[in-house]
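So the structure is just underneath, and the comments pick up after that.
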Amino acid sequence: MAPDQYFSHHTAANLHELPIEPAAELHVTSIAPRREPRARGVIGHRVSAGRDRVVEIGGLLVSSPVDTWVALAEYLPLEALIVLGDGLVRRWEPMATMADLEQAVAASSGRRGCRLLAEALRQVRPRTDSARETQVRRWLVKAGLPEPVVNLAIRNERGAFLGFGDLSFPDHGVLAEYDGNHHFTADQSQRDIDRLESIMAAGWRVVRLNKTHSQARSVALVRAALVQRGWRP
């Protein structure tokens, strides 16, 4: 590619290892006055100079994570944009801050997808651990349940730290835990057992979910736990 071209959109998201399906075609953006690229297997774009921040990944020029998120608002549905936004401000090795996202959304006014992007920003929550955790949170909220707190530091009555809870409902003492694949190693499984035993001993009701749980089943289990603890729709 030329020095005034870079990977963008879905291709950039894949290169940044953001939670999105692999792109079937390469998305390449040219900086005006260069024309957008035209080739088989390539989707070309053209922007004015300075619109996107460009970074380097393994010698490749790529739109920045935040600019990639903004560009994808033209292509992705709301829930996918929320998952990507959560991925940018995740708990470990975040690629952006909420302030970064807010500034980007404000600057995107007038672009295609800007309203959808603004709505996605309102639903983005920092400190998540996985795309599936975000998806489960969104299932619960859309089903009319209270919005859980993401990765709350849970303490006992003496103030001792017991662990972080994936999706917590502190007003009702309910914790929904999503167990991804890494939870099934022997060491991690033992740590989870010890952590959750101490949390349950402190009076919390724990609901454990994994990839086998459907949307309906996940919602039903968490709703039942909340109702058991006094929540009423």
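Starting from 1 in every chain, residues are counted up; chains themselves are A, B, ... following the order of the structure tokens, and ligands are numbered from 1 as listed.
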- request: Would you return as number ranges by chain the members of range 68-192 of chain A that DSSP assigns to strand (DSSP E) on this structure's backbone?
  value: A: 149-155, 161-169, 174-178
field: Residues within 7 Å of range 43-60 of chain A, only C-alpha atoms, excluding chain neighbours under 3 positions, as an MDAnalysis selection string
entry: chainID A and resid 25:32 35:38 63:64 67
Polymer residues at most 10 Å from Leu76 in chain A, only C-alpha atoms, same-chain spacing of 4 or more positions, as number ranges by chain: A: 10, 20, 69, 71-72, 80-82, 113, 116-117
Take the residues just selected and output them with C-alpha atoms as a PDB file, in the first residue's frame.
ATOM      1  CA  HIS A  10     -13.454  -4.480   9.852  1.00  0.00           C
ATOM      2  CA  ILE A  20     -15.692  -8.851  15.760  1.00  0.00           C
ATOM      3  CA  TRP A  69     -15.030   1.931  16.194  1.00  0.00           C
ATOM      4  CA  ALA A  71     -15.991   4.048  11.196  1.00  0.00           C
ATOM      5  CA  LEU A  72     -17.815   0.787  11.898  1.00  0.00           C
ATOM      6  CA  ALA A  80     -22.156  -5.039  18.031  1.00  0.00           C
ATOM      7  CA  LEU A  81     -21.045  -1.434  18.554  1.00  0.00           C
ATOM      8  CA  ILE A  82     -21.670  -1.773  22.294  1.00  0.00           C
ATOM      9  CA  GLY A 113     -24.027   6.124  11.819  1.00  0.00           C
ATOM     10  CA  LEU A 116     -26.285   4.937  16.406  1.00  0.00           C
ATOM     11  CA  LEU A 117     -22.778   5.482  17.727  1.00  0.00           C
TER      12      LEU A 117
END
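When CA of Asp187 in chain A is paired with CA of Phe164 in chain A, their separation reads 17.3 Å.
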- request: List every residue of range 27-158 of chain A that DSSP, applied to the backbone of this structure, places in alpha helix (DSSP H), and write the result as a PyMOL selection string.
  value: chain A and resi 65-72+78-88+98-107+114-123+131-142
Closest contacts (range 115-152 of chain A/range 209-213 of chain A, max 10 Å, only C-alpha atoms) as a Markdown table:
| residue | atom | partner | partner_atom | distance |
| --- | --- | --- | --- | --- |
| A:Arg132 | CA | A:Lys211 | CA | 8.2 |
| A:Glu133 | CA | A:Asn210 | CA | 9.6 |
| A:Val136 | CA | A:Leu209 | CA | 9.1 |
Can you list, as a PDB file with N, CA and C atoms, in the first residue's frame, every protein, DNA or RNA residue that comes within 12 Å of Leu18 in chain A when you count only C-alpha atoms, leaving out same-chain residues fewer than 2 positions away?
ATOM      1  N   HIS A   9     -11.792   0.018   9.211  1.00  0.00           N
ATOM      2  CA  HIS A   9     -13.060  -0.688   9.366  1.00  0.00           C
ATOM      3  C   HIS A   9     -12.858  -2.106   9.925  1.00  0.00           C
ATOM      4  N   HIS A  10     -13.509  -3.116   9.328  1.00  0.00           N
ATOM      5  CA  HIS A  10     -13.454  -4.480   9.852  1.00  0.00           C
ATOM      6  C   HIS A  10     -12.021  -5.020   9.894  1.00  0.00           C
ATOM      7  N   THR A  11     -11.238  -4.713   8.862  1.00  0.00           N
ATOM      8  CA  THR A  11      -9.857  -5.202   8.824  1.00  0.00           C
ATOM      9  C   THR A  11      -9.051  -4.631   9.982  1.00  0.00           C
ATOM     10  N   ALA A  12      -9.217  -3.355  10.251  1.00  0.00           N
ATOM     11  CA  ALA A  12      -8.514  -2.735  11.378  1.00  0.00           C
ATOM     12  C   ALA A  12      -8.959  -3.354  12.695  1.00  0.00           C
ATOM     13  N   ALA A  13     -10.255  -3.598  12.831  1.00  0.00           N
ATOM     14  CA  ALA A  13     -10.756  -4.214  14.065  1.00  0.00           C
ATOM     15  C   ALA A  13     -10.129  -5.587  14.275  1.00  0.00           C
ATOM     16  N   ASN A  14     -10.000  -6.368  13.194  1.00  0.00           N
ATOM     17  CA  ASN A  14      -9.341  -7.673  13.302  1.00  0.00           C
ATOM     18  C   ASN A  14      -7.881  -7.523  13.706  1.00  0.00           C
ATOM     19  N   LEU A  15      -7.188  -6.562  13.124  1.00  0.00           N
ATOM     20  CA  LEU A  15      -5.774  -6.354  13.450  1.00  0.00           C
ATOM     21  C   LEU A  15      -5.585  -5.890  14.892  1.00  0.00           C
ATOM     22  N   HIS A  16      -6.547  -5.143  15.415  1.00  0.00           N
ATOM     23  CA  HIS A  16      -6.494  -4.712  16.820  1.00  0.00           C
ATOM     24  C   HIS A  16      -6.993  -5.806  17.766  1.00  0.00           C
ATOM     25  N   ILE A  20     -14.902  -8.961  16.979  1.00  0.00           N
ATOM     26  CA  ILE A  20     -15.692  -8.851  15.760  1.00  0.00           C
ATOM     27  C   ILE A  20     -15.330 -10.034  14.873  1.00  0.00           C
ATOM     28  N   GLU A  21     -16.276 -10.465  14.045  1.00  0.00           N
ATOM     29  CA  GLU A  21     -16.015 -11.582  13.147  1.00  0.00           C
ATOM     30  C   GLU A  21     -14.917 -11.213  12.144  1.00  0.00           C
ATOM     31  N   PRO A  22     -14.130 -12.200  11.698  1.00  0.00           N
ATOM     32  CA  PRO A  22     -13.099 -11.917  10.691  1.00  0.00           C
ATOM     33  C   PRO A  22     -13.709 -11.328   9.423  1.00  0.00           C
ATOM     34  N   ALA A  23     -13.023 -10.363   8.845  1.00  0.00           N
ATOM     35  CA  ALA A  23     -13.525  -9.704   7.639  1.00  0.00           C
ATOM     36  C   ALA A  23     -13.289 -10.578   6.414  1.00  0.00           C
ATOM     37  N   SER A  64      -6.652   3.914  14.161  1.00  0.00           N
ATOM     38  CA  SER A  64      -6.587   3.704  15.607  1.00  0.00           C
ATOM     39  C   SER A  64      -7.818   2.938  16.082  1.00  0.00           C
ATOM     40  N   PRO A  65      -7.730   2.286  17.243  1.00  0.00           N
ATOM     41  CA  PRO A  65      -8.888   1.544  17.744  1.00  0.00           C
ATOM     42  C   PRO A  65     -10.158   2.387  17.837  1.00  0.00           C
ATOM     43  N   VAL A  66     -10.055   3.603  18.366  1.00  0.00           N
ATOM     44  CA  VAL A  66     -11.247   4.443  18.519  1.00  0.00           C
ATOM     45  C   VAL A  66     -11.791   4.869  17.163  1.00  0.00           C
ATOM     46  N   THR A  68     -11.471   3.291  14.417  1.00  0.00           N
ATOM     47  CA  THR A  68     -12.048   2.083  13.825  1.00  0.00           C
ATOM     48  C   THR A  68     -13.474   1.888  14.314  1.00  0.00           C
ATOM     49  N   TRP A  69     -13.682   2.051  15.609  1.00  0.00           N
ATOM     50  CA  TRP A  69     -15.030   1.931  16.194  1.00  0.00           C
ATOM     51  C   TRP A  69     -15.984   2.935  15.559  1.00  0.00           C
ATOM     52  N   LEU A  72     -16.947   1.959  11.991  1.00  0.00           N
ATOM     53  CA  LEU A  72     -17.815   0.787  11.898  1.00  0.00           C
ATOM     54  C   LEU A  72     -19.269   1.096  12.218  1.00  0.00           C
ATOM     55  N   ALA A  80     -23.553  -4.790  18.397  1.00  0.00           N
ATOM     56  CA  ALA A  80     -22.156  -5.039  18.031  1.00  0.00           C
ATOM     57  C   ALA A  80     -21.277  -3.844  18.372  1.00  0.00           C
ATOM     58  N   LEU A  81     -21.807  -2.636  18.204  1.00  0.00           N
ATOM     59  CA  LEU A  81     -21.045  -1.434  18.554  1.00  0.00           C
ATOM     60  C   LEU A  81     -20.833  -1.334  20.063  1.00  0.00           C
ATOM     61  N   ILE A  82     -21.819  -1.769  20.834  1.00  0.00           N
ATOM     62  CA  ILE A  82     -21.670  -1.773  22.294  1.00  0.00           C
ATOM     63  C   ILE A  82     -20.578  -2.758  22.709  1.00  0.00           C
ATOM     64  N   VAL A  83     -20.599  -3.947  22.113  1.00  0.00           N
ATOM     65  CA  VAL A  83     -19.572  -4.950  22.419  1.00  0.00           C
ATOM     66  C   VAL A  83     -18.182  -4.414  22.083  1.00  0.00           C
ATOM     67  N   LEU A  84     -18.052  -3.774  20.919  1.00  0.00           N
ATOM     68  CA  LEU A  84     -16.764  -3.194  20.537  1.00  0.00           C
ATOM     69  C   LEU A  84     -16.351  -2.074  21.490  1.00  0.00           C
ATOM     70  N   GLY A  85     -17.310  -1.221  21.852  1.00  0.00           N
ATOM     71  CA  GLY A  85     -17.009  -0.137  22.780  1.00  0.00           C
ATOM     72  C   GLY A  85     -16.539  -0.659  24.122  1.00  0.00           C
ATOM     73  N   ASP A  86     -17.230  -1.672  24.641  1.00  0.00           N
ATOM     74  CA  ASP A  86     -16.793  -2.300  25.889  1.00  0.00           C
ATOM     75  C   ASP A  86     -15.379  -2.856  25.744  1.00  0.00           C
ATOM     76  N   GLY A  87     -15.104  -3.442  24.570  1.00  0.00           N
ATOM     77  CA  GLY A  87     -13.779  -4.007  24.334  1.00  0.00           C
ATOM     78  C   GLY A  87     -12.679  -2.965  24.354  1.00  0.00           C
ATOM     79  N   LEU A  88     -13.008  -1.753  23.942  1.00  0.00           N
ATOM     80  CA  LEU A  88     -12.011  -0.677  23.942  1.00  0.00           C
ATOM     81  C   LEU A  88     -11.669  -0.208  25.351  1.00  0.00           C
ATOM     82  N   VAL A  89     -12.661  -0.213  26.242  1.00  0.00           N
ATOM     83  CA  VAL A  89     -12.438   0.283  27.609  1.00  0.00           C
ATOM     84  C   VAL A  89     -12.457  -0.870  28.618  1.00  0.00           C
ATOM     85  N   ARG A  90     -12.017  -2.040  28.161  1.00  0.00           N
ATOM     86  CA  ARG A  90     -12.025  -3.244  28.993  1.00  0.00           C
ATOM     87  C   ARG A  90     -11.125  -3.083  30.221  1.00  0.00           C
ATOM     88  N   PRO A  94      -6.768  -1.818  28.450  1.00  0.00           N
ATOM     89  CA  PRO A  94      -7.740  -1.048  27.658  1.00  0.00           C
ATOM     90  C   PRO A  94      -7.042  -0.275  26.548  1.00  0.00           C
ATOM     91  N   MET A  95      -7.746  -0.084  25.449  1.00  0.00           N
ATOM     92  CA  MET A  95      -7.208   0.660  24.312  1.00  0.00           C
ATOM     93  C   MET A  95      -7.658   2.115  24.319  1.00  0.00           C
ATOM     94  N   SER A 130     -14.881  -9.568  28.831  1.00  0.00           N
ATOM     95  CA  SER A 130     -15.057 -10.323  27.594  1.00  0.00           C
ATOM     96  C   SER A 130     -16.293  -9.847  26.849  1.00  0.00           C
ATOM     97  N   ALA A 131     -16.317 -10.168  25.556  1.00  0.00           N
ATOM     98  CA  ALA A 131     -17.477  -9.824  24.736  1.00  0.00           C
ATOM     99  C   ALA A 131     -18.722 -10.554  25.224  1.00  0.00           C
TER     100      ALA A 131
END
Neighbouring residues of range 107-112 of chain A were defined as those with any atom within 8 Å, considering only C-alpha atoms; residues of the same chain fewer than 4 positions away were excluded. Please report them as a PDB file with N, CA and C atoms, in the first residue's frame.
ATOM      1  N   VAL A  70     -15.539   4.166  15.411  1.00  0.00           N
ATOM      2  CA  VAL A  70     -16.377   5.204  14.806  1.00  0.00           C
ATOM      3  C   VAL A  70     -16.730   4.835  13.369  1.00  0.00           C
ATOM      4  N   ALA A  73     -19.547   2.269  12.745  1.00  0.00           N
ATOM      5  CA  ALA A  73     -20.939   2.641  13.033  1.00  0.00           C
ATOM      6  C   ALA A  73     -21.784   2.673  11.766  1.00  0.00           C
ATOM      7  N   GLU A  74     -21.151   2.824  10.628  1.00  0.00           N
ATOM      8  CA  GLU A  74     -21.864   2.827   9.352  1.00  0.00           C
ATOM      9  C   GLU A  74     -22.289   1.420   8.939  1.00  0.00           C
ATOM     10  N   GLN A 103     -15.211  11.928  23.194  1.00  0.00           N
ATOM     11  CA  GLN A 103     -14.660  12.910  22.260  1.00  0.00           C
ATOM     12  C   GLN A 103     -14.846  12.452  20.818  1.00  0.00           C
TER      13      GLN A 103
END
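Distance-wise, CA of Ile154 in chain A and CA of Leu101 in chain A end up 27.9 Å apart.
Here CA of Leu61 in chain A stands at a distance of 26.0 Å from CA of Arg91 in chain A.
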